[in-house]
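Engineer: Have a look at this one before I ask anything.
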Amino acid sequence: MAQGALGCFLVAAFFGLKMTAPGLAIAFRTPFTVSTTGEMYQWLAYSLLLMPGGVLLGLALVPWVSAPAVRLWRRIEGLSAQERTAGVLLVGVFAFLFARIGRSVFFLDQDFTDDERAARFGGQVLASGKFLAKLTNPVEAFPTLFFYVRDGLGSSFEWLGVQVAWAFGDLTGTGSLVFSLAAAVPAVAVAWVATRRLGPAWGAVAASLVLLSPMSALLSMTSHVHLLSRAALAVAVAFYVLAEEKGGRWWMGFGGMSGVAFLCRPFETLFFLAPFYLWVLWGLVRRQLPVGACLGGLVLGWLPALVLFLAFNHAVTGDALLPARVSMYTFPAKLTARDGTLVERFCFNTSYNTLMLAVWFLGPLGTLLVGLGASWDRLTKLLLFSVLSLLGLSLFHDNHGIHSVGPIHYSETVPALALVAVHGLKRLVDVARKAELPRATVMAGVLGALVVGLGILTARNALALREQSLIHARMDGYLNNAGLGRAVVLAPQYGVAWNQVPEFRKIGSFVFEWAPPHPNDEQEVIVLHDGPGFAERLRPQYPDRRFYRMVPAQGMPPFQFEPLDAAPLPETATEEGAR
């Protein structure tokens, strides 16, 4: 009773901090390494109040949940092979529904960053049977953030994998559905690997760690390329486990899924998988692995991805070895023009993202569990070195990455960290058993900390993300409810526009550019940049549309649309627009 009372008090004290001077407010602002005072206050209180409060609440429930939990554990352990398969699939269904419903409820089906908008346009271009689309004249009128542009043509500079995913969504009318499906894969893969190694009950625990992680849960609601690479790498690890056990075709599966991840995020894939491939190379050198089956399978697995990678580069930039994303830099080995010194990159990138991982993966308890499980066996060591290797990539660029859905550039680490952490939790339980401490007590305390602490953190950040998404939903509403018909609206840059609304400016957003118009100009209202003489130069390209200029207004709505048509549209153009 006393433990439960103290746990409730600590949780209540956390929410009481909303009334303090720093508060617990979350905002979305640049630079990416900045955190609001309220956000940092929340992390501190989450570590010192929510996590301990969750442990106490879990311990307080032990007398009531211990016996049912033990029965459930034994029931899961006794599942048949068919029931285990059904259980793993059920995990996938739950993860998919969580991602899909979360996207609708918290993200309002809105983009979270400009990357998503550019990638969607790239998919639409691919779906139209092209690699580059004709842009407006002048090009400066077209929203081209995160674009590759040459000779009046352009498209997203994102990697092929994410553009193919959006092309599929455009052709099938399913939109971002494929990203929600990809969001479910890591939980399934982690559950399968943990079940194979530790048993089905531990597989369920491992899946729970993936689902409970705030950086996994919140990213799963987006449509970022990281979802695709995270899913592919999780499956690649599962195939590696099978390849070590059975060899043969599973080496080709490991190489194939490595290639899929490479098509989505090449640099991150190579750094994450480096420890695995170095270990395979060491095994081949020492003749511990069959050279023919292993090497041949890996080559066959990687070959399709490499061919597609080179062909796509050639089609877009004209050089098979020059990806569109890299072409914007002066030299591929120097990833940005503002690299700074090695020490600066370590401080601004590595240290920052390591802190974000500690906060967003599973909090302080997760860090402890990862430490306990890292030395379990060769696989856990390889997984930990993969995470460290990926953190090492931060030494080669200056893009710190946003942290509002966890350290986004390190999203691929969640399945690996969850697998290591579940081994750490089992080790903790084994130590407790030897100390004659009931296993249910340890599990209740750990799960209480994770469910209460991480659940509240995830919910608060999800609600903040919803406030951010409301900015874009309302901006869309201003355009769609203005009764413009088929129109071209000339507007300031999107970030400038929403920043003119005080309540939007207070919350902030990481979307700074208008969504690029569909390559086929399908939508009713097309928004382009305004500039000197742009209306006159753009009018011949849109003869069936009226032109408006977005200007600030007093009160609500905060914008009004001034007609720019000097004369009525030609009758033929009007009829064509009506059709």
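Ligands are numbered from 1 in the order shown, residues from 1 within each chain, and chains are lettered A, B, ... in the order they appear in the structure tokens.
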If you count only C-alpha atoms, which residues fall within 8 Å of A:Ser258, apart from same-chain ones fewer than 3 positions away, as a list in words?
Structural biologist: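 Answer for this query is Ala232, Leu233, Ala236, Phe254, Gly255, Ala261, Phe262, Thr269, Leu273 and Trp302 of chain A.
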Engineer: Would you output that residue set with all heavy atoms, as an mmCIF file, in the first residue's frame?
Structural biologist:
```
data_model
loop_
_atom_site.group_PDB
_atom_site.id
_atom_site.type_symbol
_atom_site.label_atom_id
_atom_site.label_comp_id
_atom_site.auth_asym_id
_atom_site.auth_seq_id
_atom_site.Cartn_x
_atom_site.Cartn_y
_atom_site.Cartn_z
ATOM 1 N N ALA A 232 13.849 -3.253 -42.782
ATOM 2 C CA ALA A 232 14.738 -4.116 -43.569
ATOM 3 C C ALA A 232 15.912 -4.613 -42.730
ATOM 4 O O ALA A 232 16.305 -5.789 -42.830
ATOM 5 C CB ALA A 232 15.247 -3.357 -44.794
ATOM 6 N N LEU A 233 16.487 -3.752 -41.892
ATOM 7 C CA LEU A 233 17.621 -4.170 -41.068
ATOM 8 C C LEU A 233 17.178 -5.147 -39.981
ATOM 9 O O LEU A 233 17.938 -6.064 -39.624
ATOM 10 C CB LEU A 233 18.296 -2.946 -40.445
ATOM 11 C CG LEU A 233 19.095 -2.089 -41.423
ATOM 12 C CD1 LEU A 233 19.610 -0.822 -40.744
ATOM 13 C CD2 LEU A 233 20.268 -2.877 -42.003
ATOM 14 N N ALA A 236 16.963 -8.322 -41.716
ATOM 15 C CA ALA A 236 18.317 -8.769 -42.048
ATOM 16 C C ALA A 236 18.974 -9.463 -40.856
ATOM 17 O O ALA A 236 19.648 -10.493 -41.013
ATOM 18 C CB ALA A 236 19.163 -7.585 -42.506
ATOM 19 N N PHE A 254 20.015 -12.741 -46.118
ATOM 20 C CA PHE A 254 20.714 -11.703 -45.354
ATOM 21 C C PHE A 254 21.248 -10.622 -46.294
ATOM 22 O O PHE A 254 21.078 -9.419 -46.044
ATOM 23 C CB PHE A 254 21.854 -12.350 -44.566
ATOM 24 C CG PHE A 254 22.708 -11.380 -43.798
ATOM 25 C CD1 PHE A 254 22.143 -10.444 -42.953
ATOM 26 C CD2 PHE A 254 24.098 -11.399 -43.931
ATOM 27 C CE1 PHE A 254 22.929 -9.537 -42.248
ATOM 28 C CE2 PHE A 254 24.895 -10.508 -43.226
ATOM 29 C CZ PHE A 254 24.307 -9.571 -42.386
ATOM 30 N N GLY A 255 21.862 -11.036 -47.393
ATOM 31 C CA GLY A 255 22.362 -10.060 -48.358
ATOM 32 C C GLY A 255 21.245 -9.285 -49.028
ATOM 33 O O GLY A 255 21.362 -8.073 -49.249
ATOM 34 N N ALA A 261 17.686 -2.420 -47.386
ATOM 35 C CA ALA A 261 17.986 -1.321 -46.461
ATOM 36 C C ALA A 261 18.918 -0.310 -47.118
ATOM 37 O O ALA A 261 18.768 0.907 -46.938
ATOM 38 C CB ALA A 261 18.621 -1.871 -45.187
ATOM 39 N N PHE A 262 19.874 -0.797 -47.908
ATOM 40 C CA PHE A 262 20.829 0.073 -48.595
ATOM 41 C C PHE A 262 20.107 1.009 -49.561
ATOM 42 O O PHE A 262 20.477 2.186 -49.688
ATOM 43 C CB PHE A 262 21.844 -0.788 -49.346
ATOM 44 C CG PHE A 262 22.873 -0.004 -50.120
ATOM 45 C CD1 PHE A 262 23.991 0.509 -49.489
ATOM 46 C CD2 PHE A 262 22.718 0.214 -51.487
ATOM 47 C CE1 PHE A 262 24.943 1.233 -50.202
ATOM 48 C CE2 PHE A 262 23.653 0.931 -52.215
ATOM 49 C CZ PHE A 262 24.773 1.437 -51.560
ATOM 50 N N THR A 269 22.997 2.069 -43.464
ATOM 51 C CA THR A 269 22.997 0.606 -43.612
ATOM 52 C C THR A 269 24.401 0.046 -43.549
ATOM 53 O O THR A 269 24.669 -0.946 -42.852
ATOM 54 C CB THR A 269 22.331 0.217 -44.943
ATOM 55 O OG1 THR A 269 20.956 0.595 -44.911
ATOM 56 C CG2 THR A 269 22.435 -1.279 -45.187
ATOM 57 N N LEU A 273 25.634 -2.392 -40.496
ATOM 58 C CA LEU A 273 25.933 -3.791 -40.802
ATOM 59 C C LEU A 273 27.429 -4.098 -40.826
ATOM 60 O O LEU A 273 27.804 -5.270 -40.954
ATOM 61 C CB LEU A 273 25.317 -4.169 -42.150
ATOM 62 C CG LEU A 273 23.788 -4.255 -42.188
ATOM 63 C CD1 LEU A 273 23.316 -4.543 -43.611
ATOM 64 C CD2 LEU A 273 23.284 -5.330 -41.237
ATOM 65 N N TRP A 302 22.867 -9.202 -52.704
ATOM 66 C CA TRP A 302 23.157 -7.785 -52.877
ATOM 67 C C TRP A 302 22.992 -7.312 -54.322
ATOM 68 O O TRP A 302 22.720 -6.126 -54.568
ATOM 69 C CB TRP A 302 24.597 -7.491 -52.440
ATOM 70 C CG TRP A 302 24.750 -7.107 -51.022
ATOM 71 C CD1 TRP A 302 25.076 -7.913 -49.974
ATOM 72 C CD2 TRP A 302 24.602 -5.788 -50.470
ATOM 73 N NE1 TRP A 302 25.139 -7.198 -48.802
ATOM 74 C CE2 TRP A 302 24.853 -5.891 -49.075
ATOM 75 C CE3 TRP A 302 24.280 -4.543 -50.995
ATOM 76 C CZ2 TRP A 302 24.793 -4.791 -48.228
ATOM 77 C CZ3 TRP A 302 24.221 -3.447 -50.152
ATOM 78 C CH2 TRP A 302 24.469 -3.581 -48.782
#
```
Engineer: Need to verify the contact set: A:His529, 8 Å, only C-alpha atoms, exclusion of same-chain residues closer than 5 positions in sequence. Can you return it as a ChimeraX atom specification?
Structural biologist: /A:140-143,490-493
Engineer: Counting only C-alpha atoms, which residues of stretch 199-231 of chain A fall within 10 Å of stretch 404-411 of chain A, and what is the closest atom pair for each with its distance in Å at one decimal, ordered by chain and rising number, as CSV?
Structural biologist:
```
residue,atom,partner,partner_atom,distance
A:Ser213,CA,A:Gly406,CA,9.3
A:Pro214,CA,A:Gly406,CA,7.0
A:Met215,CA,A:Gly406,CA,4.3
A:Ser216,CA,A:Ser411,CA,7.3
A:Ala217,CA,A:Val405,CA,8.2
A:Leu218,CA,A:Val405,CA,5.3
A:Leu219,CA,A:Val405,CA,5.4
A:Ser220,CA,A:Val405,CA,9.0
A:Met221,CA,A:Val405,CA,9.4
A:Thr222,CA,A:Val405,CA,9.1
A:His224,CA,A:Ile408,CA,9.3
A:His226,CA,A:Ser411,CA,6.3
A:Leu227,CA,A:Ser411,CA,7.8
A:Ser229,CA,A:Ser411,CA,8.8
A:Arg230,CA,A:Ser411,CA,6.6
```
Engineer: So, counting only C-alpha atoms, which residue among A:Ile402, A:Ala127, A:Val210, A:Ala459 is closest to A:Gly169?
Structural biologist: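 Of A:Ile402, A:Ala127, A:Val210, A:Ala459, the one nearest A:Gly169 is A:Ala127, counting only C-alpha atoms.
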Engineer: Would you kindly return, as a list in words, each protein, DNA or RNA residue with an atom no farther than 12 Å from any atom of A:Leu379, considering only C-alpha atoms and excluding same-chain residues fewer than 4 positions away?
Structural biologist: Val193, Ala194, Arg197, Val237, Ala238, Tyr240, Val241, Leu242, Glu244, Pro275, Phe276, Trp279, Gly373, Ala374, Ser375, Leu383, Leu384, Phe385, Ser386, Ala416, Leu417, Leu419, Val420 and His423 of chain A
Engineer: Distance atom CA of A:Phe561-atom CA of A:Gly485, one decimal place?
Structural biologist: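 If I compute the distance from atom CA of A:Phe561 to atom CA of A:Gly485, I get 12.2 Å.
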